[in-house]
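Okay, target05.cif is below, mmCIF, C-alpha atoms and all ligand atoms:
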data_my_file
loop_
_atom_site.label_atom_id
_atom_site.label_comp_id
_atom_site.auth_asym_id
_atom_site.auth_seq_id
_atom_site.Cartn_x
_atom_site.Cartn_y
_atom_site.Cartn_z
CA MET A 993 0.00 0.00 0.00
CA SER A 994 1.27 3.44 -0.86
CA TYR A 995 1.35 6.22 1.73
CA SER A 996 2.70 8.90 -0.57
CA VAL A 997 1.55 12.45 0.07
CA GLU A 998 0.00 12.49 -3.42
CA SER A 999 -2.14 9.47 -2.72
CA LEU A 1000 -3.30 10.98 0.60
CA GLN A 1001 -4.13 14.17 -1.23
CA ARG A 1002 -6.15 12.20 -3.74
CA GLN A 1003 -8.09 10.60 -0.89
CA PHE A 1004 -8.79 13.93 0.76
CA LYS A 1005 -10.13 15.19 -2.56
CA LEU A 1006 -12.24 12.09 -2.89
CA PHE A 1007 -13.92 13.03 0.40
CA ARG A 1008 -14.35 16.61 -0.81
CA MET A 1009 -11.69 18.04 1.48
CA SER A 1010 -9.84 19.71 -1.34
CA GLU A 1011 -8.59 22.67 0.72
CA THR A 1012 -6.95 20.28 3.17
CA ALA A 1013 -5.58 18.23 0.26
CA LYS A 1014 -3.82 21.33 -1.06
CA GLU A 1015 -2.29 22.22 2.29
CA LEU A 1016 -1.43 18.67 3.34
CA PRO A 1017 2.33 18.85 2.66
CA ASP A 1018 2.49 21.99 4.79
CA PHE A 1019 0.53 20.37 7.61
CA LEU A 1020 2.82 17.34 7.55
CA ARG A 1021 5.90 19.55 7.79
CA LYS A 1022 4.41 21.51 10.69
CA ALA A 1023 3.37 18.34 12.48
CA GLU A 1024 6.98 17.13 12.35
CA SER A 1025 8.59 20.41 13.35
CA HIS A 1026 6.14 21.05 16.24
CA SER A 1027 5.96 17.39 17.27
CA TRP A 1028 2.16 17.44 17.15
CA THR A 1029 0.34 14.52 18.75
CA TYR A 1030 -2.03 12.54 16.52
CA GLN A 1031 -4.94 14.40 18.08
CA GLU A 1032 -3.32 17.79 17.54
CA PHE A 1033 -2.63 16.90 13.95
CA LEU A 1034 -6.22 15.87 13.30
CA HIS A 1035 -7.53 18.93 15.11
CA GLU A 1036 -5.38 21.30 13.01
CA LEU A 1037 -6.39 19.60 9.80
CA LEU A 1038 -10.10 19.53 10.53
CA SER A 1039 -10.19 23.08 11.91
CA TYR A 1040 -8.56 24.30 8.72
CA GLU A 1041 -11.12 22.54 6.55
CA GLU A 1042 -13.94 23.85 8.75
CA SER A 1043 -12.81 27.47 8.52
CA CYS A 1044 -12.37 27.20 4.75
CA ARG A 1045 -15.91 25.90 4.44
CA GLU A 1046 -17.28 28.68 6.63
CA GLN A 1047 -15.50 31.23 4.50
CA LYS A 1048 -16.89 29.72 1.30
CA MET A 1049 -20.38 29.68 2.79
CA ILE A 1050 -20.07 33.36 3.72
CA GLU A 1051 -18.93 34.21 0.20
CA LYS A 1052 -21.86 32.29 -1.26
CA HIS A 1053 -24.32 34.02 1.09
CA LEU A 1054 -22.84 37.43 0.22
CA LYS A 1055 -23.41 36.72 -3.45
CA TRP A 1056 -26.96 35.52 -2.85
CA ALA A 1057 -27.82 38.55 -0.71
CA ARG A 1058 -27.47 40.89 -3.72
CA PHE A 1059 -26.64 43.98 -1.68
CA PRO A 1060 -26.56 47.12 -3.86
CA TYR A 1061 -23.40 48.12 -1.97
CA GLN A 1062 -21.51 46.77 1.01
CA LYS A 1063 -21.07 49.10 3.95
CA SER A 1064 -20.60 47.83 7.46
CA LEU A 1065 -22.07 49.12 10.70
CA ASN A 1066 -18.56 50.25 11.67
CA GLU A 1067 -18.74 52.71 8.82
CA PHE A 1068 -21.99 54.13 10.18
CA ASP A 1069 -21.28 57.37 11.97
CA LEU A 1070 -23.59 57.93 14.94
CA GLN A 1071 -22.51 61.56 15.20
CA GLU A 1072 -24.26 62.00 11.87
CA GLN A 1073 -27.39 60.16 12.92
CA ARG A 1074 -28.54 61.37 16.32
CA SER A 1075 -31.83 59.44 16.29
CA LEU A 1076 -29.97 56.20 17.05
CA SER A 1077 -27.97 55.76 20.25
CA SER A 1078 -24.80 53.69 20.39
CA ARG A 1079 -26.56 51.37 22.83
CA GLN A 1080 -29.39 50.80 20.34
CA LEU A 1081 -26.95 50.15 17.52
CA LYS A 1082 -25.02 47.70 19.69
CA GLN A 1083 -28.24 45.88 20.55
CA LEU A 1084 -29.20 45.63 16.89
CA LYS A 1085 -25.72 44.33 16.10
CA GLU A 1086 -26.13 41.53 18.61
CA LEU A 1087 -28.90 40.13 16.36
CA SER A 1088 -31.17 38.83 19.10
CA TRP A 1089 -34.08 40.37 17.15
CA LEU A 1090 -33.14 38.05 14.28
CA GLU A 1091 -33.05 34.97 16.50
CA GLN A 1092 -36.54 35.88 17.72
CA SER A 1093 -37.83 36.59 14.17
CA PHE A 1094 -38.52 40.23 14.97
CA ASN A 1095 -38.95 42.70 12.12
CA LEU A 1096 -37.20 46.05 11.93
CA ILE A 1097 -38.73 49.03 10.21
CA PHE A 1098 -36.48 51.98 9.40
CA LEU A 1099 -38.43 55.11 8.61
CA GLY A 1100 -37.17 58.50 7.53
CA PRO A 1101 -36.53 60.87 4.63
CA PRO A 1102 -34.01 60.06 1.88
CA GLY A 1103 -30.30 59.96 2.67
CA VAL A 1104 -30.49 59.46 6.45
CA GLY A 1105 -28.88 56.01 6.41
CA LYS A 1106 -31.83 53.58 6.26
CA THR A 1107 -30.35 51.40 3.53
CA HIS A 1108 -26.84 51.61 4.99
CA LEU A 1109 -28.11 50.33 8.36
CA ALA A 1110 -30.11 47.55 6.71
CA ILE A 1111 -27.07 46.41 4.70
CA GLY A 1112 -24.78 46.69 7.75
CA LEU A 1113 -27.12 44.45 9.73
CA GLY A 1114 -27.40 42.09 6.75
CA LEU A 1115 -23.61 41.78 6.65
CA GLU A 1116 -23.54 41.03 10.39
CA ALA A 1117 -26.17 38.33 9.89
CA ILE A 1118 -24.16 36.73 7.09
CA GLN A 1119 -21.00 36.71 9.23
CA ASN A 1120 -23.17 34.97 11.81
CA GLY A 1121 -23.99 32.20 9.32
CA GLN A 1122 -27.46 33.40 8.31
CA ARG A 1123 -28.94 33.68 4.83
CA VAL A 1124 -29.92 37.17 3.80
CA SER A 1125 -31.76 38.50 0.78
CA PHE A 1126 -31.88 42.15 -0.20
CA ILE A 1127 -34.45 43.44 -2.66
CA SER A 1128 -35.93 46.81 -3.40
CA MET A 1129 -39.70 47.07 -3.61
CA GLY A 1130 -39.29 48.25 -7.20
CA GLU A 1131 -37.67 44.90 -8.11
CA LEU A 1132 -39.81 42.74 -5.88
CA ILE A 1133 -43.17 43.47 -7.47
CA PRO A 1134 -42.07 42.61 -11.06
CA PHE A 1135 -40.49 39.39 -9.71
CA LEU A 1136 -43.74 38.41 -7.98
CA LYS A 1137 -45.73 39.14 -11.13
CA THR A 1138 -43.50 37.06 -13.41
CA GLU A 1139 -42.78 34.19 -11.04
CA GLU A 1140 -44.96 31.72 -12.95
CA TYR A 1141 -42.93 31.87 -16.13
CA LEU A 1142 -39.59 33.61 -15.46
CA ARG A 1143 -36.79 31.42 -14.14
CA LYS A 1144 -34.87 34.42 -12.82
CA ALA A 1145 -37.85 35.49 -10.73
CA GLN A 1146 -38.33 31.95 -9.42
CA ILE A 1147 -34.70 31.67 -8.29
CA GLN A 1148 -34.78 35.06 -6.62
CA LEU A 1149 -38.07 34.50 -4.86
CA ASN A 1150 -36.99 31.05 -3.67
CA ARG A 1151 -33.94 32.64 -2.07
CA ILE A 1152 -36.13 35.27 -0.45
CA ARG A 1153 -38.53 32.66 0.91
CA LYS A 1154 -35.69 30.60 2.34
CA ALA A 1155 -33.73 33.53 3.80
CA ASP A 1156 -33.40 34.07 7.54
CA LEU A 1157 -33.47 37.82 6.93
CA VAL A 1158 -35.21 39.58 4.05
CA ILE A 1159 -34.45 43.25 3.49
CA ILE A 1160 -37.14 45.06 1.52
CA ASP A 1161 -35.82 48.47 0.60
CA ASP A 1162 -37.90 51.55 -0.17
CA LEU A 1163 -41.23 50.01 0.62
CA MET A 1164 -43.63 52.66 -0.44
CA TYR A 1165 -42.21 54.55 -3.32
CA MET A 1166 -44.92 53.39 -5.66
CA ALA A 1167 -48.61 52.68 -5.44
CA MET A 1168 -49.73 49.10 -6.00
CA ASP A 1169 -52.82 47.75 -7.67
CA GLN A 1170 -54.92 45.11 -5.97
CA HIS A 1171 -53.20 42.17 -7.69
CA GLU A 1172 -49.76 43.45 -6.69
CA ALA A 1173 -50.83 44.12 -3.12
CA ASN A 1174 -52.23 40.59 -2.97
CA LEU A 1175 -48.98 39.04 -4.19
CA PHE A 1176 -47.05 41.14 -1.70
CA PHE A 1177 -49.34 40.04 1.11
CA HIS A 1178 -48.79 36.36 0.27
CA LEU A 1179 -45.03 36.82 0.44
CA ILE A 1180 -45.18 38.69 3.75
CA ASN A 1181 -47.53 36.07 5.12
CA HIS A 1182 -45.09 33.32 4.11
CA LEU A 1183 -42.19 35.10 5.79
CA TYR A 1184 -44.20 35.91 8.90
CA GLU A 1185 -42.66 34.28 11.98
CA ARG A 1186 -40.41 32.18 9.75
CA SER A 1187 -37.82 34.88 9.14
CA SER A 1188 -37.08 38.49 9.98
CA ILE A 1189 -37.83 41.35 7.66
CA ILE A 1190 -36.11 44.72 7.58
CA LEU A 1191 -38.18 47.32 5.80
CA THR A 1192 -37.06 50.76 4.87
CA SER A 1193 -39.53 53.44 3.91
CA ASN A 1194 -39.86 57.17 3.64
CA LYS A 1195 -43.50 56.88 4.71
CA GLY A 1196 -44.87 55.58 7.99
CA PRO A 1197 -47.37 52.70 8.31
CA GLU A 1198 -50.21 55.24 8.64
CA ASP A 1199 -49.66 56.18 4.98
CA TRP A 1200 -49.19 52.66 3.62
CA GLY A 1201 -52.91 52.11 3.12
CA GLU A 1202 -53.07 54.80 0.50
CA LEU A 1203 -50.39 53.07 -1.60
CA LEU A 1204 -51.56 49.52 -1.05
CA GLY A 1205 -55.09 50.44 -2.08
CA ASP A 1206 -57.30 47.75 -0.63
CA GLN A 1207 -58.06 48.33 3.05
CA GLY A 1208 -58.41 44.63 3.88
CA ILE A 1209 -55.03 43.74 2.39
CA THR A 1210 -53.40 46.74 4.03
CA THR A 1211 -54.62 45.66 7.45
CA ALA A 1212 -53.44 42.09 6.84
CA ILE A 1213 -49.99 43.24 5.69
CA LEU A 1214 -49.63 45.66 8.60
CA ASP A 1215 -50.67 42.91 11.00
CA CYS A 1216 -47.87 40.59 9.84
CA LEU A 1217 -45.25 43.31 9.61
CA LEU A 1218 -45.94 45.20 12.79
CA HIS A 1219 -46.65 42.31 15.13
CA ARG A 1220 -43.26 41.61 16.71
CA SER A 1221 -41.48 44.57 15.21
CA GLU A 1222 -39.30 47.49 16.19
CA VAL A 1223 -39.94 50.77 14.39
CA ILE A 1224 -36.91 53.02 14.22
CA HIS A 1225 -37.31 56.63 13.11
CA LEU A 1226 -34.26 58.22 11.53
CA ASN A 1227 -34.19 61.96 11.09
CA GLY A 1228 -31.76 64.63 10.05
CA GLU A 1229 -30.48 65.99 6.82
CA SER A 1230 -29.55 63.84 3.88
CA HIS A 1231 -26.03 62.46 4.11
CA ARG A 1232 -25.93 62.38 0.32
CA ILE A 1233 -26.60 66.10 0.04
CA LYS A 1234 -24.33 67.07 2.93
CA TYR A 1235 -21.38 65.15 1.51
CA ARG A 1236 -22.21 65.46 -2.15
CA ASN A 1237 -19.31 65.36 -4.53
CA SER A 1238 -18.88 68.54 -6.41
CA ILE A 1239 -17.06 68.92 -9.71
CA PHE A 1240 -16.00 72.45 -8.76
P1 LIG B 1301 -31.43 56.17 2.75
O1 LIG B 1301 -31.96 56.60 4.08
O2 LIG B 1301 -32.00 57.02 1.63
O3 LIG B 1301 -31.58 54.71 2.49
P2 LIG B 1301 -28.59 55.57 2.62
O4 LIG B 1301 -28.52 54.59 3.70
O5 LIG B 1301 -28.54 55.00 1.23
O6 LIG B 1301 -29.88 56.51 2.77
O7 LIG B 1301 -27.46 56.66 2.80
C1 LIG B 1301 -27.02 57.48 1.72
C2 LIG B 1301 -25.50 57.52 1.73
O8 LIG B 1301 -25.05 58.20 2.89
C3 LIG B 1301 -24.87 56.14 1.78
O9 LIG B 1301 -23.68 56.18 1.04
C4 LIG B 1301 -24.57 55.93 3.25
O10 LIG B 1301 -23.46 55.08 3.44
C5 LIG B 1301 -24.28 57.35 3.72
N1 LIG B 1301 -24.70 57.58 5.10
C6 LIG B 1301 -25.92 57.93 5.55
N2 LIG B 1301 -25.95 58.08 6.87
C7 LIG B 1301 -24.69 57.82 7.31
C8 LIG B 1301 -24.05 57.81 8.60
N3 LIG B 1301 -24.73 58.11 9.71
N4 LIG B 1301 -22.73 57.49 8.66
C9 LIG B 1301 -22.06 57.19 7.54
N5 LIG B 1301 -22.59 57.17 6.30
C10 LIG B 1301 -23.90 57.49 6.17
MG MG B 1302 -32.31 53.86 0.77
#
Before anything else, please render the file you have as structure tokens.
Amino acid sequence: MSYSVESLQRQFKLFRMSETAKELPDFLRKAESHSWTYQEFLHELLSYEESCREQKMIEKHLKWARFPYQKSLNEFDLQEQRSLSSRQLKQLKELSWLEQSFNLIFLGPPGVGKTHLAIGLGLEAIQNGQRVSFISMGELIPFLKTEEYLRKAQIQLNRIRKADLVIIDDLMYMAMDQHEANLFFHLINHLYERSSIILTSNKGPEDWGELLGDQGITTAILDCLLHRSEVIHLNGESHRIKYRNSIF
């Protein structure tokens, strides 16, 4: 029987431990030079494979999340957003709301950091091993309407339905007809208590009825969204306008 490094590498690959296979010669050298015990050797090898897999999973989840941009909570300046205390931000970062399937609703005018906060929390959730899906309301409605026949919509909506956290950005920028509001309600109802939702909107729930049209559907949607939710009001001037790039 051959014990060559190459044949061991082949076996590791066979068992889908290709990262370990690649690093095996290095591990063997280290084991000799540090006089690792058998247990230490196995521990090092398996921990390496485990961390590689976690990293790959995070990369896959980042791709699936489809964030429009990636900005972390560390990049969020609380001096610029006085409506949120550092204690509140820390609590949000701890993600206990996500474990308890709570929804978060960020309300406020444009440019105050609603999307940034939602993405920052989404990134935290992904680092924590959760699946996240980001979609703007403007994209969501066409996906829901074409789900029956468009593969792209099916894939996207499946990811949304299976996510631990769904971020729906800019909830109420456009009015919906009854069919659209119905489709939206079915999605929200599916996600209800199964996952957390972060919603951002420039209008408060009291104005949603006007855009959703049907009173019955509005009440049903509000019921699902607001039951077990934290509403966070963000105020202030637009960060975009304050720090706008000028060509002069
Ligand atoms: P909106 O409330 O319209 O969703 P965004 O979250 O997209 O606003 O913020 C607009 C831009 O300003 C983004 O580039 C975001 O990173 C930045 N921004 C807003 N608020 C802050 C803040 N408090 N600290 C750092 N950057 C901020
Ligand atoms: Mg936004």
Closest of A:Leu1218, A:Ile1190, A:Ile1233, A:Leu1099 to Leu1084 of chain A - atom-to-atom distances counting only C-alpha atoms
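Closest to Leu1084 of chain A, using only C-alpha atoms: A:Ile1190.
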Dump the neighbourhood of ligand LIG 1301 (chain B) as a PyMOL selection string: all residues within 10 Å, distances computed on only C-alpha atoms and all ligand atoms. chain A and resi 1060-1076+1098-1112+1161-1162+1192-1194+1226-1236
Using the file's own x, y and z axes, what box holds all listed atoms of segment 1135-1139 of chain A with 6 Å on each side, keeping edges along x, y and z, and what are its centre and edge lengths in Å to one decimal, as AutoDock Vina command-line options?
--center_x -43.1 --center_y 36.8 --center_z -10.7 --size_x 17.2 --size_y 17.2 --size_z 17.4
Using all atoms listed in the file, the shortest atom-to-atom distance to ligand MG 1302 (chain B) among A:Gly1121, A:Gly1130, A:Pro1197, A:Gly1205 belongs to A:Gly1130
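Those residues that approach segment 1150-1158 of chain A to within 6 Å, counting only C-alpha atoms, are Arg1123, Val1124, Ser1125, Phe1126, Ser1187, Ser1188 and Ile1189 of chain A; same-chain residues fewer than 5 positions away are not listed.
Ranking A:Met1164, A:Ala1145, A:Ile1097, A:Leu1016 by their shortest atom-to-atom distance to Leu1217 of chain A, with all atoms listed in the file included, puts A:Ile1097 first.
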As a check of understanding: the span from atom CA of Ile1159 of chain A to atom CA of Cys1044 of chain A is 27.3 Å
